[in-house]
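Have a look at the structure below before the remarks.
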Amino acid sequence: MQDETARQILAELSRLSRAVEALAPSRPQENNFDAASCFVWDADNQHLAPVTRPNRIEISLIKGVDHVRDILVDNTRRFALGLPANNVLLWGARGMGKSSLVKAAHAALAAEPGLPAPLKLIEIHREDINSLPALMAILRPAPARFMLFCDDLSFDHDDTAYKSLKAALDGGIEGRPDNVLLYATSNRRHLLPRDMIENERSTAINPGEAVEEKVSLSDRFGLWLGFHKCSQDDYLEMVSGYAAHFGLDADPEALKSEALEWSTTRGARSGRVAWQFIQDLAGRTGKSI
């Protein structure tokens with residue numbers, strides 16, 4: 001009887017021990033900056049998850065934005081070399097290659113020889129903006145240079161996360177680490193909806209100050225690169241560039257006709273629409289891309 005009681009007590013203690021261990025916070029994962037050239041920030045676990053196969057295309061395939069492409073590449077090269085560079089806001093029309101250009105510029109420059117330190121790309125999700133100070137604390141002493149990339153950055157009514165972003169970019173007492181630069185894409189030039197700005201102007205005691213406090217967020221970006229809707233010629237150049245790169249043999253006139261029909265059914269012309277057409281063409285012709 002005593003042995004049975006002892007076994008029950010030991011079993012209960014073992015169960016309680018496992019329950020306590022489950023409640024204890026998990027040990028933070030160690031960040032290995034050599035694991036990859038691209039990472040995704042996991043704010044909940046304070047961890048940089050390596051991305052071994054980034055989703056990106058070659059920079060030569062991004063057409064119709066030559067001027068802003070050259071500006072972005074030049075700014076990124078200066079940063080990679082340890083020279084002064086600006087945070088960048090890429091804003092404008094949907095599907096014109098804003099996020100693709102950031103990823104392609106990183107790939108091109110990270111491969112250049114002679115960089116004083118490795119160039120890494122870290123994606124931070126919009127909903128994790130409040131964790132920027134923690135991320136920068138991790139990156140500050142790291143032996144690499146980091147492009148922080150936030151895709152589709154914008155803020156809505158009653159959203160105060162933009163204050164954290166402002167402080168992280170320029171306003172904090174420590175300032176932005178020298179080895180960190182922020183690249184953000186948005187459909188909005190000022191990152192805030194127009195009706196939100198107008199509402200502030202109409203309801204605030206001091207309308208000018210209320211609007212300036214929110215609009216000043218975009219001023220933290222030294223470079224504003226605008227992306228506008230492409231012309232038909234630019235769209236067709238994108239299609240032909242993709243077709244040539246992936247070896248999709250097609251009669252030029254037939255390719256042009258089909259590409260225009262595709263854009264008409266979509267009601268838009270953009271780099272994204274061109275890529276979707278190429279995917280459809282490759283699938284119909286049995287080619288992998």
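All residue names refer to the structure tokens as shown: chains lettered A, B, ... in order, residues numbered from 1 in each chain, ligands numbered from 1 in order.
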Residues within 7 Å of Asn87 (chain A), please, as a VMD selection string. Count only C-alpha atoms; anything in the same chain fewer than 5 positions from it doesn't count.
chain A and resid 181 to 183 221 to 223
Export C-alpha atoms of the chosen residues as a compact mmCIF listing (two decimals), in the first residue's frame?
```txt
# COMPACT_ATOMS: atom_id res chain seq x y z
CA LEU A 181 18.32 51.57 -42.89
CA LEU A 182 14.55 51.40 -43.41
CA TYR A 183 12.93 50.75 -46.78
CA PHE A 221 12.28 59.18 -45.05
CA GLY A 222 15.00 61.14 -46.82
CA LEU A 223 14.10 59.66 -50.19
```
Determine, counting only C-alpha atoms, which protein, DNA and RNA residues have an atom within 10 Å of an atom of region 261-274 of chain A; residues of the same chain fewer than 6 positions away are not included. Present the result as a list in words.
Leu61, Ile62, Lys63, Gly64, Ala93, Arg94, Gly95, Met96, Gly97, Lys98, Ser100, His228, Lys229, Cys230, Ser231, Gln232, Asp234, Tyr235, Leu236, Glu237, Met238, Val239, Ser240, Gly241, Tyr242, Leu255 and Asp280 of chain A
Dump N, CA and C atoms for the selected residues as an mmCIF file, in the first residue's frame?
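Result file out_9.cif:
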```cif
data_model
loop_
_atom_site.group_PDB
_atom_site.id
_atom_site.type_symbol
_atom_site.label_atom_id
_atom_site.label_comp_id
_atom_site.auth_asym_id
_atom_site.auth_seq_id
_atom_site.Cartn_x
_atom_site.Cartn_y
_atom_site.Cartn_z
ATOM 1 N N LEU A 61 15.020 42.729 -64.830
ATOM 2 C CA LEU A 61 13.676 42.429 -65.320
ATOM 3 C C LEU A 61 12.647 43.473 -64.893
ATOM 4 N N ILE A 62 13.026 44.393 -64.036
ATOM 5 C CA ILE A 62 12.102 45.427 -63.577
ATOM 6 C C ILE A 62 12.185 46.604 -64.549
ATOM 7 N N LYS A 63 11.146 46.788 -65.346
ATOM 8 C CA LYS A 63 11.144 47.776 -66.417
ATOM 9 C C LYS A 63 10.242 48.966 -66.071
ATOM 10 N N GLY A 64 10.483 50.061 -66.769
ATOM 11 C CA GLY A 64 9.605 51.219 -66.671
ATOM 12 C C GLY A 64 9.851 52.106 -65.470
ATOM 13 N N ALA A 93 1.569 53.742 -57.433
ATOM 14 C CA ALA A 93 0.623 52.811 -58.052
ATOM 15 C C ALA A 93 0.906 51.367 -57.658
ATOM 16 N N ARG A 94 -0.176 50.607 -57.535
ATOM 17 C CA ARG A 94 -0.057 49.194 -57.196
ATOM 18 C C ARG A 94 0.573 48.411 -58.347
ATOM 19 N N GLY A 95 1.352 47.396 -57.966
ATOM 20 C CA GLY A 95 1.878 46.462 -58.952
ATOM 21 C C GLY A 95 2.988 46.976 -59.836
ATOM 22 N N MET A 96 3.591 48.118 -59.492
ATOM 23 C CA MET A 96 4.638 48.687 -60.342
ATOM 24 C C MET A 96 6.049 48.337 -59.878
ATOM 25 N N GLY A 97 6.179 47.358 -58.980
ATOM 26 C CA GLY A 97 7.508 46.836 -58.655
ATOM 27 C C GLY A 97 8.178 47.454 -57.452
ATOM 28 N N LYS A 98 7.425 48.070 -56.557
ATOM 29 C CA LYS A 98 8.044 48.711 -55.392
ATOM 30 C C LYS A 98 8.776 47.689 -54.516
ATOM 31 N N SER A 100 9.371 44.523 -55.239
ATOM 32 C CA SER A 100 10.298 43.735 -56.063
ATOM 33 C C SER A 100 11.625 44.453 -56.229
ATOM 34 N N HIS A 228 4.427 55.368 -60.780
ATOM 35 C CA HIS A 228 3.189 55.773 -61.428
ATOM 36 C C HIS A 228 2.740 54.700 -62.416
ATOM 37 N N LYS A 229 1.490 54.778 -62.816
ATOM 38 C CA LYS A 229 0.951 53.799 -63.748
ATOM 39 C C LYS A 229 1.770 53.802 -65.034
ATOM 40 N N CYS A 230 1.994 52.611 -65.570
ATOM 41 C CA CYS A 230 2.872 52.499 -66.731
ATOM 42 C C CYS A 230 2.100 52.707 -68.036
ATOM 43 N N SER A 231 2.828 53.088 -69.047
ATOM 44 C CA SER A 231 2.245 53.239 -70.375
ATOM 45 C C SER A 231 2.116 51.867 -71.039
ATOM 46 N N GLN A 232 1.449 51.843 -72.154
ATOM 47 C CA GLN A 232 1.310 50.578 -72.889
ATOM 48 C C GLN A 232 2.662 50.074 -73.360
ATOM 49 N N ASP A 234 5.588 50.584 -71.945
ATOM 50 C CA ASP A 234 6.314 50.038 -70.792
ATOM 51 C C ASP A 234 5.792 48.650 -70.435
ATOM 52 N N TYR A 235 4.494 48.501 -70.473
ATOM 53 C CA TYR A 235 3.876 47.209 -70.150
ATOM 54 C C TYR A 235 4.343 46.127 -71.132
ATOM 55 N N LEU A 236 4.335 46.450 -72.418
ATOM 56 C CA LEU A 236 4.757 45.474 -73.419
ATOM 57 C C LEU A 236 6.255 45.171 -73.300
ATOM 58 N N GLU A 237 7.039 46.161 -72.885
ATOM 59 C CA GLU A 237 8.466 45.926 -72.669
ATOM 60 C C GLU A 237 8.680 44.960 -71.504
ATOM 61 N N MET A 238 7.855 45.088 -70.462
ATOM 62 C CA MET A 238 7.939 44.153 -69.338
ATOM 63 C C MET A 238 7.621 42.737 -69.794
ATOM 64 N N VAL A 239 6.565 42.595 -70.576
ATOM 65 C CA VAL A 239 6.151 41.276 -71.053
ATOM 66 C C VAL A 239 7.247 40.646 -71.912
ATOM 67 N N SER A 240 7.772 41.406 -72.862
ATOM 68 C CA SER A 240 8.806 40.862 -73.749
ATOM 69 C C SER A 240 10.081 40.542 -72.979
ATOM 70 N N GLY A 241 10.397 41.357 -71.964
ATOM 71 C CA GLY A 241 11.584 41.085 -71.145
ATOM 72 C C GLY A 241 11.453 39.784 -70.372
ATOM 73 N N TYR A 242 10.290 39.569 -69.771
ATOM 74 C CA TYR A 242 10.041 38.321 -69.059
ATOM 75 C C TYR A 242 10.092 37.125 -70.013
ATOM 76 N N LEU A 255 2.394 37.638 -79.137
ATOM 77 C CA LEU A 255 2.678 37.948 -77.735
ATOM 78 C C LEU A 255 2.094 39.317 -77.366
ATOM 79 N N ASP A 280 0.641 32.783 -66.875
ATOM 80 C CA ASP A 280 -0.406 32.115 -67.636
ATOM 81 C C ASP A 280 0.152 31.553 -68.942
#
```
Point out the residue among A:Val51, A:Leu115, A:Ile59, A:Leu90 with the least atom-to-atom distance to Asn187 (chain A), counting only C-alpha atoms.
A:Leu90
Applying 10 Å and only C-alpha atoms, which residues near Ser37 (chain A) remain after dropping the ones on its own chain fewer than 2 positions away? List them as a PDB file with N, CA and C atoms, in the first residue's frame.
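Listed below is the output, around.pdb:
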```pdb
ATOM      1  N   PHE A  33      23.260  35.427 -37.737  1.00  0.00           N
ATOM      2  CA  PHE A  33      23.265  36.323 -38.892  1.00  0.00           C
ATOM      3  C   PHE A  33      23.953  35.712 -40.107  1.00  0.00           C
ATOM      4  N   ASP A  34      24.657  34.613 -39.897  1.00  0.00           N
ATOM      5  CA  ASP A  34      25.316  33.933 -41.015  1.00  0.00           C
ATOM      6  C   ASP A  34      24.422  32.875 -41.659  1.00  0.00           C
ATOM      7  N   ALA A  35      23.222  32.682 -41.114  1.00  0.00           N
ATOM      8  CA  ALA A  35      22.355  31.608 -41.600  1.00  0.00           C
ATOM      9  C   ALA A  35      21.794  31.892 -42.984  1.00  0.00           C
ATOM     10  N   PHE A  39      16.016  37.645 -43.848  1.00  0.00           N
ATOM     11  CA  PHE A  39      15.370  37.177 -42.641  1.00  0.00           C
ATOM     12  C   PHE A  39      13.970  37.792 -42.530  1.00  0.00           C
ATOM     13  N   PRO A  50      15.607  32.865 -40.667  1.00  0.00           N
ATOM     14  CA  PRO A  50      16.302  32.921 -41.960  1.00  0.00           C
ATOM     15  C   PRO A  50      15.405  32.477 -43.109  1.00  0.00           C
ATOM     16  N   VAL A  51      15.566  33.143 -44.247  1.00  0.00           N
ATOM     17  CA  VAL A  51      14.836  32.794 -45.475  1.00  0.00           C
ATOM     18  C   VAL A  51      15.870  32.282 -46.473  1.00  0.00           C
ATOM     19  N   THR A  52      15.877  31.003 -46.715  1.00  0.00           N
ATOM     20  CA  THR A  52      16.914  30.423 -47.572  1.00  0.00           C
ATOM     21  C   THR A  52      16.609  30.581 -49.061  1.00  0.00           C
ATOM     22  N   ARG A  53      15.321  30.727 -49.427  1.00  0.00           N
ATOM     23  CA  ARG A  53      14.945  30.905 -50.833  1.00  0.00           C
ATOM     24  C   ARG A  53      14.046  32.134 -50.958  1.00  0.00           C
ATOM     25  N   PRO A  54      14.637  33.315 -51.004  1.00  0.00           N
ATOM     26  CA  PRO A  54      13.835  34.544 -51.076  1.00  0.00           C
ATOM     27  C   PRO A  54      13.016  34.612 -52.370  1.00  0.00           C
ATOM     28  N   HIS A 106      18.703  44.598 -53.119  1.00  0.00           N
ATOM     29  CA  HIS A 106      19.490  43.913 -52.090  1.00  0.00           C
ATOM     30  C   HIS A 106      20.284  42.761 -52.685  1.00  0.00           C
ATOM     31  N   ALA A 107      19.620  41.955 -53.516  1.00  0.00           N
ATOM     32  CA  ALA A 107      20.304  40.801 -54.104  1.00  0.00           C
ATOM     33  C   ALA A 107      21.500  41.235 -54.938  1.00  0.00           C
ATOM     34  N   ALA A 110      24.254  42.859 -52.436  1.00  0.00           N
ATOM     35  CA  ALA A 110      24.833  41.927 -51.474  1.00  0.00           C
ATOM     36  C   ALA A 110      25.864  41.027 -52.133  1.00  0.00           C
ATOM     37  N   PRO A 118      28.765  42.234 -44.477  1.00  0.00           N
ATOM     38  CA  PRO A 118      27.661  41.629 -45.233  1.00  0.00           C
ATOM     39  C   PRO A 118      26.419  42.518 -45.209  1.00  0.00           C
ATOM     40  N   LEU A 119      25.684  42.509 -46.307  1.00  0.00           N
ATOM     41  CA  LEU A 119      24.448  43.279 -46.413  1.00  0.00           C
ATOM     42  C   LEU A 119      23.273  42.314 -46.290  1.00  0.00           C
ATOM     43  N   LYS A 120      22.428  42.520 -45.274  1.00  0.00           N
ATOM     44  CA  LYS A 120      21.308  41.635 -44.999  1.00  0.00           C
ATOM     45  C   LYS A 120      19.984  42.384 -45.212  1.00  0.00           C
ATOM     46  N   LEU A 121      18.957  41.618 -45.578  1.00  0.00           N
ATOM     47  CA  LEU A 121      17.612  42.161 -45.738  1.00  0.00           C
ATOM     48  C   LEU A 121      16.704  41.524 -44.694  1.00  0.00           C
ATOM     49  N   ILE A 122      16.006  42.361 -43.916  1.00  0.00           N
ATOM     50  CA  ILE A 122      15.099  41.874 -42.881  1.00  0.00           C
ATOM     51  C   ILE A 122      13.711  42.432 -43.138  1.00  0.00           C
ATOM     52  N   PHE A 146      22.109  46.225 -42.299  1.00  0.00           N
ATOM     53  CA  PHE A 146      20.769  45.680 -42.437  1.00  0.00           C
ATOM     54  C   PHE A 146      19.816  46.654 -43.121  1.00  0.00           C
TER      55      PHE A 146
END
```
12 Å contact set for Asn31 (chain A), only C-alpha atoms, chain neighbours under 5 positions out, as a CSV table (one decimal) with all heavy atoms, in the first residue's frame:
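Written file, part19.csv:
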```csv
chain,number,residue,atom,x,y,z
A,36,ALA,N,21.7,33.2,-43.4
A,36,ALA,CA,21.1,33.5,-44.6
A,36,ALA,C,21.4,35.0,-44.9
A,36,ALA,O,21.9,35.7,-44.1
A,36,ALA,CB,19.6,33.3,-44.7
A,39,PHE,N,16.0,37.6,-43.8
A,39,PHE,CA,15.4,37.2,-42.6
A,39,PHE,C,14.0,37.8,-42.5
A,39,PHE,O,13.7,38.8,-43.1
A,39,PHE,CB,16.2,37.6,-41.4
A,39,PHE,CG,17.6,37.0,-41.3
A,39,PHE,CD1,18.6,37.6,-42.0
A,39,PHE,CD2,17.8,35.8,-40.6
A,39,PHE,CE1,19.9,37.1,-42.0
A,39,PHE,CE2,19.1,35.3,-40.6
A,39,PHE,CZ,20.2,36.0,-41.2
A,40,VAL,N,13.1,37.1,-41.7
A,40,VAL,CA,11.8,37.7,-41.4
A,40,VAL,C,11.8,37.8,-39.9
A,40,VAL,O,12.1,36.9,-39.1
A,40,VAL,CB,10.7,36.8,-41.8
A,40,VAL,CG1,9.3,37.3,-41.3
A,40,VAL,CG2,10.6,36.7,-43.4
A,41,TRP,N,11.4,39.0,-39.4
A,41,TRP,CA,11.4,39.3,-37.9
A,41,TRP,C,10.2,38.7,-37.3
A,41,TRP,O,9.1,39.0,-37.6
A,41,TRP,CB,11.4,40.8,-37.7
A,41,TRP,CG,11.2,41.3,-36.3
A,41,TRP,CD1,10.3,42.2,-35.9
A,41,TRP,CD2,12.0,41.0,-35.2
A,41,TRP,NE1,10.4,42.4,-34.6
A,41,TRP,CE2,11.5,41.8,-34.1
A,41,TRP,CE3,13.2,40.3,-35.0
A,41,TRP,CZ2,12.0,41.7,-32.8
A,41,TRP,CZ3,13.7,40.2,-33.7
A,41,TRP,CH2,13.1,41.0,-32.6
A,42,ASP,N,10.5,37.8,-36.3
A,42,ASP,CA,9.4,37.2,-35.5
A,42,ASP,C,9.4,38.0,-34.2
A,42,ASP,O,10.1,37.7,-33.3
A,42,ASP,CB,9.7,35.7,-35.3
A,42,ASP,CG,8.7,35.0,-34.4
A,42,ASP,OD1,7.8,35.7,-33.9
A,42,ASP,OD2,8.9,33.8,-34.1
A,45,ASN,N,8.8,36.1,-30.6
A,45,ASN,CA,9.9,35.4,-30.1
A,45,ASN,C,11.2,36.1,-30.1
A,45,ASN,O,12.3,35.5,-29.8
A,45,ASN,CB,10.0,34.0,-30.8
A,45,ASN,CG,8.8,33.1,-30.6
A,45,ASN,OD1,8.4,32.8,-29.5
A,45,ASN,ND2,8.2,32.7,-31.7
A,46,GLN,N,11.2,37.4,-30.6
A,46,GLN,CA,12.4,38.2,-30.7
A,46,GLN,C,13.5,37.4,-31.5
A,46,GLN,O,14.6,37.4,-31.1
A,46,GLN,CB,13.0,38.5,-29.3
A,46,GLN,CG,12.0,39.2,-28.4
A,46,GLN,CD,11.8,40.7,-28.7
A,46,GLN,OE1,12.7,41.5,-28.4
A,46,GLN,NE2,10.7,41.1,-29.3
A,47,HIS,N,13.0,36.9,-32.6
A,47,HIS,CA,13.9,36.0,-33.4
A,47,HIS,C,13.9,36.4,-34.9
A,47,HIS,O,12.9,36.8,-35.4
A,47,HIS,CB,13.5,34.6,-33.3
A,47,HIS,CG,14.3,33.6,-34.1
A,47,HIS,ND1,15.6,33.4,-33.9
A,47,HIS,CD2,13.9,32.8,-35.1
A,47,HIS,CE1,16.0,32.5,-34.7
A,47,HIS,NE2,15.0,32.1,-35.5
A,48,LEU,N,15.1,36.3,-35.5
A,48,LEU,CA,15.2,36.6,-37.0
A,48,LEU,C,15.2,35.2,-37.7
A,48,LEU,O,16.1,34.5,-37.6
A,48,LEU,CB,16.5,37.3,-37.3
A,48,LEU,CG,16.5,38.8,-36.8
A,48,LEU,CD1,17.9,39.4,-36.8
A,48,LEU,CD2,15.6,39.6,-37.7
A,49,ALA,N,14.1,34.9,-38.3
A,49,ALA,CA,13.9,33.6,-39.0
A,49,ALA,C,14.6,33.7,-40.4
A,49,ALA,O,14.2,34.5,-41.2
A,49,ALA,CB,12.5,33.3,-39.2
A,50,PRO,N,15.6,32.9,-40.7
A,50,PRO,CA,16.3,32.9,-42.0
A,50,PRO,C,15.4,32.5,-43.1
A,50,PRO,O,14.6,31.6,-43.0
A,50,PRO,CB,17.5,32.0,-41.8
A,50,PRO,CG,17.1,31.1,-40.7
A,50,PRO,CD,16.2,31.8,-39.8
A,135,LEU,N,14.0,45.2,-32.1
A,135,LEU,CA,14.8,44.7,-33.2
A,135,LEU,C,16.1,45.5,-33.4
A,135,LEU,O,17.2,44.9,-33.6
A,135,LEU,CB,13.9,44.8,-34.5
A,135,LEU,CG,14.6,44.4,-35.8
A,135,LEU,CD1,15.2,43.0,-35.7
A,135,LEU,CD2,13.6,44.5,-37.0
A,138,ILE,N,18.8,44.5,-31.1
A,138,ILE,CA,19.5,43.3,-31.5
A,138,ILE,C,20.5,43.6,-32.6
A,138,ILE,O,21.6,43.0,-32.7
A,138,ILE,CB,18.5,42.2,-32.0
A,138,ILE,CG1,17.7,41.8,-30.8
A,138,ILE,CG2,19.2,41.0,-32.6
A,138,ILE,CD1,16.5,40.9,-31.1
A,139,LEU,N,20.1,44.4,-33.6
A,139,LEU,CA,21.0,44.7,-34.8
A,139,LEU,C,22.1,45.6,-34.5
A,139,LEU,O,23.1,45.5,-35.2
A,139,LEU,CB,20.1,45.3,-35.9
A,139,LEU,CG,18.9,44.4,-36.3
A,139,LEU,CD1,18.2,45.1,-37.5
A,139,LEU,CD2,19.4,43.0,-36.8
A,142,ALA,N,25.5,44.0,-34.2
A,142,ALA,CA,25.8,42.9,-35.1
A,142,ALA,C,26.8,43.3,-36.2
A,142,ALA,O,26.9,44.4,-36.6
A,142,ALA,CB,24.5,42.5,-35.8
```
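Between Phe149 (chain A) and the candidates A:Ser131, A:Pro116, A:Val102, A:Ser186, the tightest atom-to-atom separation, counting only C-alpha atoms, involves A:Val102.
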Which residues, written as a tab-separated table (two decimals) with N, CA and C atoms, in the first residue's frame, have at least one atom at most 12 Å from Lys287 (chain A), with only C-alpha atoms counted and residues fewer than 5 positions away on the same chain left out?
```tsv
chain	number	residue	atom	x	y	z
A	243	ALA	N	9.44	37.27	-71.18
A	243	ALA	CA	9.38	36.16	-72.14
A	243	ALA	C	10.78	35.76	-72.61
A	246	PHE	N	12.86	34.00	-69.67
A	246	PHE	CA	12.45	32.64	-69.33
A	246	PHE	C	12.36	31.72	-70.56
A	247	GLY	N	12.79	32.22	-71.72
A	247	GLY	CA	12.82	31.38	-72.91
A	247	GLY	C	11.45	30.96	-73.40
A	248	LEU	N	10.48	31.83	-73.29
A	248	LEU	CA	9.13	31.53	-73.77
A	248	LEU	C	9.03	31.93	-75.24
A	249	ASP	N	9.19	30.97	-76.12
A	249	ASP	CA	9.17	31.25	-77.55
A	249	ASP	C	7.75	31.59	-77.99
A	278	ILE	N	2.62	36.39	-67.93
A	278	ILE	CA	3.73	35.48	-68.23
A	278	ILE	C	3.51	34.13	-67.53
A	279	GLN	N	3.01	34.15	-66.32
A	279	GLN	CA	2.72	32.89	-65.63
A	279	GLN	C	1.66	32.09	-66.38
A	280	ASP	N	0.64	32.78	-66.87
A	280	ASP	CA	-0.41	32.11	-67.64
A	280	ASP	C	0.15	31.55	-68.94
A	281	LEU	N	0.98	32.35	-69.62
A	281	LEU	CA	1.57	31.92	-70.88
A	281	LEU	C	2.47	30.69	-70.67
A	282	ALA	N	3.29	30.74	-69.62
A	282	ALA	CA	4.17	29.61	-69.34
A	282	ALA	C	3.37	28.35	-69.04
```
Within region 22-201 of chain A, find each residue whose DSSP state, derived from the backbone, is strand (DSSP E), and express the selection as a PyMOL selection string.
chain A and resi 38-42+47-51+88-92+119-123+145-150+180-186
Take the selection from the previous step and output its residues with C-alpha atoms, as a JSON list (two decimals), in the first residue's frame.
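The file below, out-v2.json, is the result:
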```
[["chain", "number", "residue", "atom", "x", "y", "z"],
["A", 38, "CYS", "CA", 17.40, 37.46, -45.83],
["A", 39, "PHE", "CA", 15.37, 37.18, -42.64],
["A", 40, "VAL", "CA", 11.83, 37.70, -41.37],
["A", 41, "TRP", "CA", 11.43, 39.30, -37.95],
["A", 42, "ASP", "CA", 9.41, 37.19, -35.50],
["A", 47, "HIS", "CA", 13.91, 36.02, -33.43],
["A", 48, "LEU", "CA", 15.18, 36.56, -36.96],
["A", 49, "ALA", "CA", 13.94, 33.62, -39.02],
["A", 50, "PRO", "CA", 16.30, 32.92, -41.96],
["A", 51, "VAL", "CA", 14.84, 32.79, -45.48],
["A", 88, "VAL", "CA", 13.52, 55.28, -48.42],
["A", 89, "LEU", "CA", 9.76, 55.44, -48.96],
["A", 90, "LEU", "CA", 8.62, 53.87, -52.22],
["A", 91, "TRP", "CA", 5.05, 54.99, -52.85],
["A", 92, "GLY", "CA", 2.53, 55.03, -55.66],
["A", 119, "LEU", "CA", 24.45, 43.28, -46.41],
["A", 120, "LYS", "CA", 21.31, 41.64, -45.00],
["A", 121, "LEU", "CA", 17.61, 42.16, -45.74],
["A", 122, "ILE", "CA", 15.10, 41.87, -42.88],
["A", 123, "GLU", "CA", 11.36, 41.99, -43.46],
["A", 145, "ARG", "CA", 24.53, 46.05, -42.32],
["A", 146, "PHE", "CA", 20.77, 45.68, -42.44],
["A", 147, "MET", "CA", 18.05, 46.87, -44.79],
["A", 148, "LEU", "CA", 14.80, 46.77, -42.81],
["A", 149, "PHE", "CA", 11.94, 46.24, -45.25],
["A", 150, "CYS", "CA", 8.28, 46.89, -44.44],
["A", 180, "VAL", "CA", 20.37, 49.93, -40.14],
["A", 181, "LEU", "CA", 18.32, 51.57, -42.89],
["A", 182, "LEU", "CA", 14.55, 51.40, -43.41],
["A", 183, "TYR", "CA", 12.93, 50.75, -46.78],
["A", 184, "ALA", "CA", 9.13, 50.93, -46.84],
["A", 185, "THR", "CA", 6.56, 50.64, -49.60],
["A", 186, "SER", "CA", 3.10, 52.17, -49.54]]
```
Give me the residues near Val73 (chain A) as a PyMOL selection string, where near means some atom within 10 Å (using only C-alpha atoms) and where sequence neighbours in that chain fewer than 2 positions away do not count.
chain A and resi 59+68-71+75-79+101-102+104-106+108-109
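CA of Ala167 (chain A) is positioned 26.9 Å from CA of Asn32 (chain A).
Of the listed residues (A:Lys163, A:Arg15, A:Val65, A:Ala244), A:Val65 comes nearest to Leu225 (chain A); the distances count only C-alpha atoms.
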How far is it from CA of Asp233 (chain A) to CA of Ser99 (chain A), in Å with one decimal?
22.0 Å
Nearest to Leu169 (chain A), restricted to only C-alpha atoms and choosing among A:Leu217, A:Leu153, A:Ala134, A:Ala144, comes out as A:Leu217
